[in-house]
Amino acid sequence: MAKIGVFTCWCGENIARNVDVEAVSEAISKLPGVACSMDYKYMCSEPGQSLIASKIKELGLTGVVVASCSPHMHLNTFRKTVELAGVNPYLVEMANIREQCSWVHTDKEVATAKAIELIGMAVAKVRRNAALEPIKVPVTKRAMVIGAGVAGIQAALDLAAGGVEVILVEREPSVGGKMAGLSETFPTLDCSQCILTPRMVEVGQHPNIELLTYSEVEKVDGYVGNFKVTVRKKARYVDIAKCTGCGSCWNKCPKKVPNAFDYGLGNRTAIYIPFPQAVPARPVIDADNCLRLQSMKKGKELCGICLKQCGTDAINFHDKDELVEYEVGAVIVATGYKLYQITKEQENPKLQGYGEYGYGKYKDVIDSLQFERIISASGPTGGEPKRPSDGMTPKTVVFIQCTGSRDNAKGITYCSKICCMYTAKHTMLFKHKVHDGEAHVFYMDIRSGGKMYDEFVRRAIEQDDAQYHRGRVSKIEEVMVDGVKKCRCYGADTLTGKPCVVDADMVVLANAMLPSSGVTSLAQKLSVGYDGYGFLSESHPKLRPVETNAAGVFVCGACQGPKDIPETVAQATAAAGKALIMLSQPYLTREPEIATVDERLCAACGACVKACPYNAISIEEICDRKGNLVKMTSRVNPGLCMGCGTCVAVCPSKSVDLIGFTDDQVYAQLESLLD
Amino acid sequence: MENELRNAIRELLEKQEIDVAIGYGRVGVDGAVGAVFVTSPDDVEQIVWNDECRQNLAVHLTRPEVKAFGKIGIVVKPCDARAVVVLANEAQVDLDLLTIIGVVCSGIKRAKPDGTTADEYYAKCETCVQHTPQNVTLVVGDVAEGEALDAKNEQNAATAGNNAKLAKLRAMTVEERFAYWREQFSRCVRCYACRQSCPMCYCNRCVADKNRPTRIDTSASLKGNFAWNILRAFHLAGRCVGCGACASACPAGIELDLLNLTVSDAAKEHFGFVAGTEFGVDPLIGTYADDDKEEFIR
């Protein structure tokens, strides 16, 4: 016979203000199977928990209902309480009479009646609860990091230092990401390459790190602790084991194309390394532009100069993409960002574009990453500030912040967070190189929270004389002034209330940050959620910032939201730490609330297999002892199932049920409402 | 044509390409046409083909006792052939063990309430555009000119031939339609003949027979009848091929085919999906695509 204990919480005044807790407790005590019904001011406090434990011991309760706040808040608290008192933790149910009752109703009478019904439902359910044991699954002590920018590099190095094998996957030919292309970094103005390249070299050499550049994740199978990730190693046409990186091939290659690493400002050859400090410092052939590979498609063999130049026989024009499967226990996603391309034509139809700025039309209107290359010592101009159209040293530069960001009308609502700081940095770097230059900044607000950040912006304004105008630029047009091409910026200064027109030699746009392309398809492969812009969703914004809702998959860096380098590195270390904690367990325990198939009744129609978002269900054979096929059935992999219940919804014969939320329990809850 | 069919089956049995042939025969006490299971070439004379072959024989393919025969040859009309395709796509039949013998069909006649045959074709046959079965191993009968053997065309649609009836239903107001179905379902006696005759109802234990908890009201009341018939229609969404076996099996004469076709029609209208026209197609319900037209689901 069921002996249910019901413990109703006042939550101080939170519940008691709108719910007559004593009346509720009295009404519930009359329900069948309820052995005791108590109320207390703070059930989650030590005396509250002791009350539950003492009643369990005194009355030998077979189930416990705690009527209080959301189970998100305290389910684990009360599970521990009853477990310590000797009752299986899955024999606790919570009735949420705070968020779903007292907080949302003003009429005390109505709220009290509703609280009684909510608790009655929980009592009906807990009578049918079963004692459950957590599921144990083994762990592969190896991790994969996807993306080798500063976030991925940091995460990989931390994991490797923790003694875990790391597979570091990068789709570009070199590690380094966006940071490798930056000039100097705020707020210290230390050179980006100087701090990053030693780390790049380290990931290339670390015995625990297997580096896969020019590779992409193709497919993800398996589950937490036991992922099987298929990686496509793209054809490089250069055997990096044979190649010594001497450079004779790329020095002689006749085909020149814009270098994506310089955002099209400089050129590279068809066989190339993206930048001199690349890791691995081995070239790759760009098949779309290589004369030989293009001619081979037409059955000819043109050019081939690199082949003749190579002294180690490393060039292989017949190289092919290769698919390799890796078994890993955890995955860290660090795929970073790209800049919002503000031209009128948008990939994402929700974004409106900023055609009025002439980006892509006027050569001297550039984005912030292009400006980084222009002032970088390793950039196409060798660090000399020269404008793209005619190579003239710009004397007046206009910087426009919030291009795209914080603009509801044009599609992006969020603040890209780093632009205020790097724009201040840009004005300083420009002024340090062009002493008589003028730097004008159009801004909406200056957001410079962070250690030494506001001081940095003040320095740009007060010591380096950057001209800050609080207002937006409505239009840019190219004009000729005294025979010199200028970008005329029509802005406003809202502090003086006057229009502000500046004839600039060059305009730098602080374009919004967007997650890098392809992230949504990767997220779908990993079953990680993402927002409307494609930024990956963390499990909890405050308490689980690097975990995702896909167990064993962690996020760090700008793929999760706009952030600067210090924050990215901190998050990368956090993600590596979380992954290390997971991988250090002898086995993983998972919640037992998963789907289970009644294999006697399953018709193996496969509806659940196709509906399962976690690929947790497969069709299996049931054979007798002699190996003869008895029937087919679908079967749930307990390591993979997340307990979402989609399979239960699609099963036509209801041969699949969710443990802990069985149809029996749910129908009992509903029936209790109808009584 | 009957002889042609018998010869084809005799040959298959003699060459041991099949272990059993499921065909039509006069099996009822009054000579009514039903299913016969022929395992010997000497018995092929039992097989008949005429305009009384109402059943959809595909219903037998999923029964374990039939599967136990081994290699199966099955006689199908063009509409029934679509049911075999759906069963294959739902992994209920092993195509390697199946020989699908399609017969060219010029229409099937209704049965009168006393079991004799009326001189009237089914409405679906009156307007049928697919007389040659598709997706079959072999075709028996004279293929009409212009009918391709394996083309996947729009006219394969499960709803073809029933458009007039659907149009009538659609023209009703919501109240009229509800009143119409209330009258229809009021006659249901919950004999489950619809379930027994339908090839798609192959579950080992139907949800209607489960009682812990009871999902739907099992009484033959109006409430229980609505629950059952609508549940079955939902389970046939994107699966019903419009063979009409349910309606012809229903002793109460409920227009079940029409009910199920409304759902098929919705599948076609909203998703361009027609059940049973192609092997290897994922079922409509429960299938997830990365490029789904609804953004919220991606």
# chains A, B, ... in the order shown; residues from 1 in each chain; ligands from 1
>>> closest_atom_pairs(of="chain B", to="chain A", cutoff="9 Å", atoms="only C-alpha atoms", output="JSON lines")
{"residue": "B:Pro64", "atom": "CA", "partner": "A:Lys631", "partner_atom": "CA", "distance": 8.9}
{"residue": "B:Leu87", "atom": "CA", "partner": "A:Cys605", "partner_atom": "CA", "distance": 8.7}
{"residue": "B:Asn89", "atom": "CA", "partner": "A:Cys605", "partner_atom": "CA", "distance": 8.8}
{"residue": "B:Glu90", "atom": "CA", "partner": "A:Cys605", "partner_atom": "CA", "distance": 5.1}
{"residue": "B:Ala91", "atom": "CA", "partner": "A:Cys605", "partner_atom": "CA", "distance": 6.1}
{"residue": "B:Gln92", "atom": "CA", "partner": "A:Cys605", "partner_atom": "CA", "distance": 6.7}
{"residue": "B:Tyr202", "atom": "CA", "partner": "A:Ala603", "partner_atom": "CA", "distance": 7.2}
{"residue": "B:Cys203", "atom": "CA", "partner": "A:Ala603", "partner_atom": "CA", "distance": 5.3}
{"residue": "B:Asn204", "atom": "CA", "partner": "A:Leu601", "partner_atom": "CA", "distance": 5.3}
{"residue": "B:Arg205", "atom": "CA", "partner": "A:Leu601", "partner_atom": "CA", "distance": 6.0}
{"residue": "B:Cys206", "atom": "CA", "partner": "A:Ser653", "partner_atom": "CA", "distance": 5.4}
{"residue": "B:Val207", "atom": "CA", "partner": "A:Ser653", "partner_atom": "CA", "distance": 4.6}
{"residue": "B:Ala208", "atom": "CA", "partner": "A:Ser653", "partner_atom": "CA", "distance": 8.3}
{"residue": "B:Lys210", "atom": "CA", "partner": "A:Ser653", "partner_atom": "CA", "distance": 8.7}
{"residue": "B:Arg212", "atom": "CA", "partner": "A:Asp664", "partner_atom": "CA", "distance": 6.2}
{"residue": "B:Pro213", "atom": "CA", "partner": "A:Asp664", "partner_atom": "CA", "distance": 5.1}
{"residue": "B:Thr214", "atom": "CA", "partner": "A:Tyr667", "partner_atom": "CA", "distance": 8.5}
{"residue": "B:Arg215", "atom": "CA", "partner": "A:Tyr667", "partner_atom": "CA", "distance": 8.3}
{"residue": "B:His235", "atom": "CA", "partner": "A:Pro652", "partner_atom": "CA", "distance": 6.3}
{"residue": "B:Asp282", "atom": "CA", "partner": "A:Lys610", "partner_atom": "CA", "distance": 8.3}
{"residue": "B:Pro283", "atom": "CA", "partner": "A:Ala607", "partner_atom": "CA", "distance": 7.7}
{"residue": "B:Ile285", "atom": "CA", "partner": "A:Ala607", "partner_atom": "CA", "distance": 7.5}
{"residue": "B:Gly286", "atom": "CA", "partner": "A:Ala611", "partner_atom": "CA", "distance": 4.6}
{"residue": "B:Thr287", "atom": "CA", "partner": "A:Lys610", "partner_atom": "CA", "distance": 5.3}
{"residue": "B:Tyr288", "atom": "CA", "partner": "A:Ala611", "partner_atom": "CA", "distance": 6.4}
{"residue": "B:Asp290", "atom": "CA", "partner": "A:Gln524", "partner_atom": "CA", "distance": 7.7}
{"residue": "B:Arg298", "atom": "CA", "partner": "A:Gln524", "partner_atom": "CA", "distance": 7.9}
>>> select_by_dssp(residues="range 206-396 of chain A", states="strand (DSSP E or B)", output="ChimeraX atom specification")
/A:209-212,215-223,226-233,238,256-258,267-269,271-272,284-285,315,322-328,330-333,337-339,359,362,365-367,396
>>> residues_around(residues="Arg142 in chain A", least_positions_apart="6", cutoff="9 Å", atoms="only C-alpha atoms", output="VMD selection string")
chain A and resid 164 to 167 225 327 to 330 583
>>> residues_around(residues="range 385-390 of chain A", least_positions_apart="6", cutoff="9 Å", atoms="only C-alpha atoms", output="JSON, numbers by chain")
{"A": [265, 362, 363, 364, 365, 366, 371, 374, 375, 376, 430, 433, 434, 505, 506]}
>>> write_last_selection(atoms="C-alpha atoms", output="compact mmCIF listing (two decimals), in the first residue's frame")
# COMPACT_ATOMS: atom_id res chain seq x y z
CA LEU A 265 43.83 43.11 -49.65
CA TYR A 362 34.08 52.07 -52.51
CA LYS A 363 37.53 50.56 -52.13
CA ASP A 364 38.43 52.79 -49.19
CA VAL A 365 35.47 51.70 -47.09
CA ILE A 366 36.84 48.65 -45.30
CA PHE A 371 42.14 47.48 -41.11
CA ILE A 374 46.65 47.10 -43.03
CA ILE A 375 48.28 48.10 -39.75
CA SER A 376 49.78 44.70 -39.03
CA PHE A 430 46.66 54.89 -36.59
CA LYS A 433 51.82 55.70 -37.30
CA VAL A 434 50.40 58.90 -38.78
CA ASP A 505 40.56 59.26 -46.81
CA MET A 506 39.46 55.93 -45.47
>>> residues_around(residues="range 248-263 of chain A", least_positions_apart="6", cutoff="9 Å", atoms="only C-alpha atoms", output="PyMOL selection string")
chain A and resi 178+181+269-275+283+289-291+303-311+369-370+373-374+379-380
>>> residues_around(residues="Lys297 in chain A", least_positions_apart="5", cutoff="12 Å", atoms="only C-alpha atoms", output="MDAnalysis selection string")
chainID A and resid 287:288 290:292 302 317:318
>>> residues_around(residues="Glu210 in chain A", least_positions_apart="5", cutoff="12 Å", atoms="only C-alpha atoms", output="ChimeraX atom specification")
/A:142-145,148,153,156-157,160,164-170,202-205,280,326
>>> select_by_dssp(residues="range 77-236 of chain B", states="helix (DSSP H, G or I)", output="JSON, numbers by chain")
{"B": [78, 79, 80, 81, 82, 83, 84, 85, 86, 87, 88, 89, 95, 96, 97, 123, 124, 125, 126, 154, 155, 156, 163, 164, 165, 166, 167, 168, 169, 170, 171, 174, 175, 176, 177, 178, 179, 180, 181, 182, 183, 184, 185, 186, 193, 194, 195, 196, 197, 207, 208, 209, 222, 223, 224, 225, 226, 227, 228, 229, 230, 231, 232, 233, 234, 235]}
>>> atom_distance(atom1="CA of Met1 in chain B", atom2="CA of Ala88 in chain B")
27.7 Å
